[in-house]
$ cat upload-v5.cif   # mmCIF, C-alpha atoms
data_work
loop_
_atom_site.label_atom_id
_atom_site.label_comp_id
_atom_site.auth_asym_id
_atom_site.auth_seq_id
_atom_site.Cartn_x
_atom_site.Cartn_y
_atom_site.Cartn_z
CA CYS A 1 4.01 80.86 85.50
CA ASP A 2 7.66 80.07 85.91
CA ASP A 3 9.90 78.56 88.53
CA VAL A 4 9.77 81.79 90.55
CA LEU A 5 6.19 81.10 91.65
CA GLY A 6 6.79 77.45 92.42
CA LYS A 7 4.57 74.41 92.04
CA GLU A 8 2.13 75.10 94.89
CA ILE A 9 1.20 78.66 93.93
CA THR A 10 1.10 77.77 90.23
CA THR A 11 -1.22 74.83 90.90
CA GLU A 12 -3.54 76.75 93.22
CA ILE A 13 -3.68 80.10 91.43
CA ILE A 14 -2.34 79.98 87.87
CA LEU A 15 -3.78 76.65 86.76
CA PRO A 16 -7.45 77.54 87.46
CA ILE A 17 -6.99 80.79 85.52
CA MET A 18 -5.54 78.91 82.55
CA LEU A 19 -8.35 76.37 82.66
CA LYS A 20 -10.86 79.22 82.40
CA LEU A 21 -8.98 80.98 79.60
CA LEU A 22 -8.76 77.77 77.57
CA ARG A 23 -12.50 78.15 77.10
CA ASP A 24 -12.28 81.80 76.03
CA GLU A 25 -14.41 82.76 73.04
CA ASP A 26 -11.39 84.25 71.23
CA SER A 27 -9.43 81.55 69.39
CA GLU A 28 -6.24 83.62 69.66
CA VAL A 29 -6.48 83.43 73.44
CA ARG A 30 -6.91 79.65 73.28
CA LEU A 31 -3.93 79.36 70.93
CA ARG A 32 -1.65 81.39 73.17
CA LEU A 33 -2.62 79.30 76.18
CA ILE A 34 -1.91 76.05 74.36
CA SER A 35 1.53 77.31 73.32
CA GLY A 36 2.32 77.93 76.98
CA LEU A 37 1.41 74.45 78.20
CA GLY A 38 5.03 73.33 77.99
CA LYS A 39 6.21 75.98 80.44
CA LEU A 40 3.36 75.21 82.81
CA GLY A 41 4.15 71.51 82.65
CA ASN A 42 7.76 72.21 83.60
CA VAL A 43 6.55 73.73 86.86
CA ILE A 44 3.69 71.49 88.02
CA GLY A 45 4.56 68.34 86.13
CA VAL A 46 3.04 67.07 82.90
CA SER A 47 1.07 64.33 84.63
CA LEU A 48 -0.81 66.76 86.88
CA LEU A 49 -1.17 69.20 84.00
CA SER A 50 -2.64 66.59 81.67
CA GLN A 51 -5.08 65.24 84.24
CA SER A 52 -6.22 68.77 85.11
CA LEU A 53 -6.54 69.81 81.49
CA LEU A 54 -7.97 66.58 80.09
CA PRO A 55 -11.57 67.86 79.74
CA SER A 56 -10.31 71.07 78.12
CA ILE A 57 -7.97 69.18 75.80
CA MET A 58 -10.85 66.98 74.67
CA ASP A 59 -12.94 70.07 73.96
CA LEU A 60 -10.10 71.82 72.13
CA ALA A 61 -9.45 68.70 70.05
CA ALA A 62 -12.79 69.40 68.38
CA ASP A 63 -12.41 73.20 68.37
CA LYS A 64 -14.08 74.91 65.41
CA THR A 65 -10.80 76.72 64.63
CA TRP A 66 -8.45 74.32 62.86
CA ARG A 67 -5.35 76.14 64.14
CA VAL A 68 -6.43 75.35 67.70
CA ARG A 69 -6.82 71.68 66.84
CA LEU A 70 -3.39 71.79 65.18
CA ALA A 71 -1.81 73.35 68.28
CA ILE A 72 -3.18 70.53 70.42
CA ILE A 73 -1.81 67.90 68.03
CA GLU A 74 1.63 69.47 68.19
CA GLU A 75 1.59 69.15 71.99
CA ILE A 76 0.75 65.43 71.95
CA PRO A 77 4.27 63.93 71.46
CA ARG A 78 5.63 65.86 74.44
CA LEU A 79 2.68 64.85 76.59
CA ALA A 80 3.01 61.22 75.49
CA GLU A 81 6.70 61.11 76.39
CA ASP A 82 6.07 62.37 79.91
CA LEU A 83 2.84 60.50 80.60
CA GLY A 84 3.92 57.05 79.43
CA VAL A 85 2.15 54.56 77.21
CA GLY A 86 -0.43 53.39 79.76
CA PHE A 87 -1.95 56.78 80.55
CA PHE A 88 -1.60 57.87 76.94
CA ASP A 89 -3.46 54.85 75.57
CA GLU A 90 -6.25 55.33 78.06
CA LYS A 91 -6.77 59.05 77.51
CA PHE A 92 -5.28 60.18 74.19
CA CYS A 93 -4.78 57.34 71.70
CA GLY A 94 -8.35 57.33 70.45
CA LEU A 95 -8.22 61.09 70.06
CA CYS A 96 -5.09 60.87 67.90
CA LEU A 97 -6.79 58.37 65.61
CA THR A 98 -9.90 60.54 65.35
CA TRP A 99 -7.82 63.41 63.92
CA LEU A 100 -7.02 61.22 60.89
CA SER A 101 -10.63 61.75 59.79
CA ASP A 102 -10.74 65.50 60.42
CA ASP A 103 -12.43 67.60 57.74
CA CYS A 104 -9.33 69.82 57.45
CA SER A 105 -6.48 68.42 55.33
CA SER A 106 -3.83 70.21 57.41
CA ILE A 107 -5.11 68.44 60.52
CA ARG A 108 -5.08 65.05 58.81
CA VAL A 109 -1.47 65.54 57.68
CA ALA A 110 -0.45 66.73 61.15
CA ALA A 111 -2.19 63.71 62.66
CA ALA A 112 -0.17 61.40 60.41
CA GLU A 113 3.03 63.20 61.41
CA ASN A 114 1.98 62.76 65.03
CA LEU A 115 1.73 58.99 64.52
CA LYS A 116 5.31 58.96 63.26
CA HIS A 117 6.53 60.54 66.50
CA LEU A 118 4.37 58.27 68.66
CA THR A 119 5.60 55.16 66.85
CA LYS A 120 9.19 56.23 67.41
CA LEU A 121 8.39 56.79 71.09
CA PHE A 122 6.32 53.69 71.88
CA GLY A 123 7.74 51.20 69.39
CA LYS A 124 6.74 48.70 66.72
CA GLU A 125 4.46 46.48 68.80
CA TRP A 126 2.47 49.45 70.04
CA MET A 127 2.06 50.72 66.48
CA LEU A 128 0.93 47.32 65.19
CA GLU A 129 -1.64 46.97 67.96
CA ARG A 130 -2.93 50.53 68.21
CA ILE A 131 -2.40 52.16 64.83
CA MET A 132 -2.53 49.51 62.11
CA PRO A 133 -6.21 48.62 62.65
CA LYS A 134 -7.07 52.27 61.93
CA ILE A 135 -4.79 52.25 58.87
CA HIS A 136 -6.63 49.24 57.46
CA GLU A 137 -9.95 50.91 58.22
CA LEU A 138 -8.92 54.03 56.30
CA ARG A 139 -7.61 51.92 53.42
CA VAL A 140 -11.12 50.76 52.52
CA ASN A 141 -13.01 53.91 53.49
CA THR A 142 -15.52 55.11 50.89
CA SER A 143 -14.02 58.61 51.01
CA TYR A 144 -10.95 58.96 48.82
CA LEU A 145 -9.68 61.65 51.21
CA ARG A 146 -9.60 59.09 54.02
CA ARG A 147 -7.82 56.62 51.75
CA LEU A 148 -5.31 59.35 50.93
CA THR A 149 -4.77 59.87 54.65
CA CYS A 150 -4.02 56.16 54.89
CA LEU A 151 -1.19 56.55 52.37
CA ILE A 152 0.17 59.66 54.06
CA SER A 153 0.14 57.87 57.42
CA VAL A 154 1.92 54.81 56.05
CA GLY A 155 4.63 57.02 54.56
CA LYS A 156 5.13 58.90 57.82
CA ILE A 157 5.10 55.84 60.08
CA SER A 158 7.57 54.05 57.82
CA GLU A 159 10.18 56.61 58.81
CA SER A 160 10.00 55.33 62.40
CA VAL A 161 10.14 51.55 61.90
CA GLU A 162 12.66 49.00 60.69
CA PRO A 163 12.74 47.76 57.06
CA ASP A 164 11.28 44.38 58.03
CA VAL A 165 8.16 46.12 59.40
CA ILE A 166 7.90 48.21 56.26
CA LYS A 167 8.08 45.09 54.10
CA ALA A 168 5.65 43.03 56.16
CA GLU A 169 3.10 45.65 57.25
CA MET A 170 3.38 48.93 55.35
CA LEU A 171 4.02 48.06 51.74
CA PRO A 172 1.21 45.49 51.43
CA VAL A 173 -1.20 48.29 52.35
CA VAL A 174 0.24 50.61 49.71
CA ILE A 175 0.48 48.03 46.93
CA GLY A 176 -3.05 46.87 47.72
CA MET A 177 -4.30 50.36 46.87
CA ALA A 178 -2.65 50.47 43.44
CA GLY A 179 -5.92 49.48 41.78
CA ASP A 180 -7.99 52.23 43.40
CA THR A 181 -10.63 53.73 41.13
CA VAL A 182 -9.51 57.30 41.90
CA PRO A 183 -6.43 58.48 39.94
CA ASN A 184 -5.43 60.79 42.79
CA ILE A 185 -5.04 57.74 45.03
CA ARG A 186 -3.12 55.77 42.41
CA PHE A 187 -0.52 58.48 41.81
CA ASN A 188 -0.14 58.89 45.56
CA VAL A 189 0.45 55.15 45.72
CA ALA A 190 3.30 55.69 43.26
CA LYS A 191 4.69 58.57 45.33
CA THR A 192 4.45 56.54 48.54
CA LEU A 193 6.13 53.54 46.91
CA GLU A 194 9.04 55.76 45.95
CA MET A 195 9.26 57.27 49.42
CA VAL A 196 9.08 53.96 51.25
CA GLY A 197 11.21 52.19 48.67
CA LYS A 198 14.19 54.30 49.67
CA LEU A 199 13.95 52.78 53.13
CA CYS A 200 14.26 49.22 51.80
CA ASP A 201 17.05 47.27 50.12
CA LYS A 202 17.73 46.83 46.42
CA GLU A 203 16.57 43.22 46.29
CA PHE A 204 13.19 44.05 47.78
CA TYR A 205 12.84 47.01 45.46
CA THR A 206 13.54 44.86 42.42
CA LYS A 207 11.22 42.02 43.41
CA THR A 208 8.30 43.90 44.95
CA ILE A 209 8.28 47.66 44.49
CA LEU A 210 9.49 47.86 40.89
CA PRO A 211 6.76 45.55 39.52
CA ALA A 212 4.09 47.62 41.27
CA LEU A 213 5.50 50.86 39.89
CA SER A 214 5.87 49.33 36.43
CA THR A 215 2.17 48.45 36.41
CA LEU A 216 1.26 51.99 37.44
CA ALA A 217 3.55 53.33 34.71
CA GLU A 218 1.11 51.80 32.21
CA ASP A 219 -1.93 53.46 33.80
CA THR A 220 -4.46 55.27 31.63
CA ASP A 221 -4.13 58.44 33.71
CA ARG A 222 -1.15 60.58 32.75
CA ASP A 223 -0.51 61.84 36.28
CA VAL A 224 -0.31 58.28 37.54
CA THR A 225 2.12 57.29 34.81
CA PHE A 226 4.22 60.39 35.45
CA PHE A 227 4.71 59.71 39.15
CA ALA A 228 5.25 56.00 38.58
CA LYS A 229 7.94 56.57 35.96
CA SER A 230 9.51 59.26 38.10
CA GLY A 231 9.57 56.85 41.03
CA ILE A 232 11.23 54.14 38.95
CA GLU A 233 13.87 56.54 37.69
CA ASN A 234 14.64 57.91 41.14
CA LEU A 235 14.77 54.50 42.81
CA ASN A 236 16.92 53.06 40.02
CA ASN A 237 19.38 55.86 40.67
CA GLU A 238 19.12 55.23 44.41
CA PHE A 239 20.06 51.57 44.01
CA LYS A 240 22.78 51.87 41.35
#
$ encode --input "upload-v5.cif" --output "structure tokens"
Amino acid sequence: CDDVLGKEITTEIILPIMLKLLRDEDSEVRLRLISGLGKLGNVIGVSLLSQSLLPSIMDLAADKTWRVRLAIIEEIPRLAEDLGVGFFDEKFCGLCLTWLSDDCSSIRVAAAENLKHLTKLFGKEWMLERIMPKIHELRVNTSYLRRLTCLISVGKISESVEPDVIKAEMLPVVIGMAGDTVPNIRFNVAKTLEMVGKLCDKEFYTKTILPALSTLAEDTDRDVTFFAKSGIENLNNEFK
């Protein structure tokens, strides 16, 4: 479906065929169709495309094949940009947050990356209202994998916001997880502190991040101490 056919023929003939194929039993067929959504949207318009495909997108978001779910996630930023915040919040925001709890680690990481792009697109206030409640929910989840997703998300989102937002909203979440009972979470706290620390100023690093890393450097788990000491060394060099 390209510009040669035009919007009317594409909408009346091609779109119904694609809607049917998106439910094909073969995951490879579904994947190829998803990868072509961009070209279809260029012809009929993303708004019409999204409204037509919404039921299928919702089904594919829970597809048993993780690569299909991943392909849908990768389409979300483009759809969000063309649809606008109102339509996106109504139809897709909840879906994006659901992916943070997916059973597949690759999907959870991609979902966190997706939040970075959406935050850059929709802004700080949108992120604080729509995303941060989910971040706080994940922070206290009984599953350490969900808590790990919280840290990954904070690190990704921090790349799309100003330092004052990082200081006020992001770092308190990370530092608050430094006492987690699971060593894997604690050393990821150290790694996230290093990552986010590079986005802040030297004074804030010295007063807030360094003390947290110094405490982790005395941890009983050797992996935690390794990443904490590595973070201190790297950030000290960063702020020479």
$ resolve_selection --input "upload-v5.cif" --expression "the PyMOL selection byres ((chain A and resi 162) around 12)" --output "list of chain:residue names"
A:Thr119, A:Lys120, A:Gly123, A:Lys124, A:Glu125, A:Ile157, A:Ser158, A:Glu159, A:Ser160, A:Val161, A:Pro163, A:Asp164, A:Val165, A:Ile166, A:Lys167, A:Ala168, A:Glu169, A:Met170, A:Val196, A:Leu199, A:Cys200, A:Asp201
$ closest_residue --input "upload-v5.cif" --among "A:Pro172, A:Asn234, A:Ser101, A:Asp180" --to "Thr208 (chain A)" --atoms "all atoms listed in the file"
A:Pro172
$ resolve_selection --input "upload-v5.cif" --expression "the PyMOL selection byres ((chain A and resi 145) around 12)" --output "VMD selection string"
chain A and resid 100 to 105 108 to 109 138 to 144 146 to 152 182 184 to 185 188
$ closest_residue --input "upload-v5.cif" --among "A:Val154, A:Leu171, A:Val224, A:Cys93" --to "Pro183 (chain A)" --atoms "only C-alpha atoms"
A:Val224
$ atom_distance --input "upload-v5.cif" --atom1 "CA of Leu235 (chain A)" --atom2 "CA of His117 (chain A)"
25.8 Å
$ resolve_selection --input "upload-v5.cif" --expression "the PyMOL selection byres ((chain A and resi 61) around 12)" --output "ChimeraX atom specification"
/A:22,30,34,53-60,62-76,92,94-99,102,107,111
$ atom_distance --input "upload-v5.cif" --atom1 "CA of Ala217 (chain A)" --atom2 "CA of Thr181 (chain A)"
15.6 Å
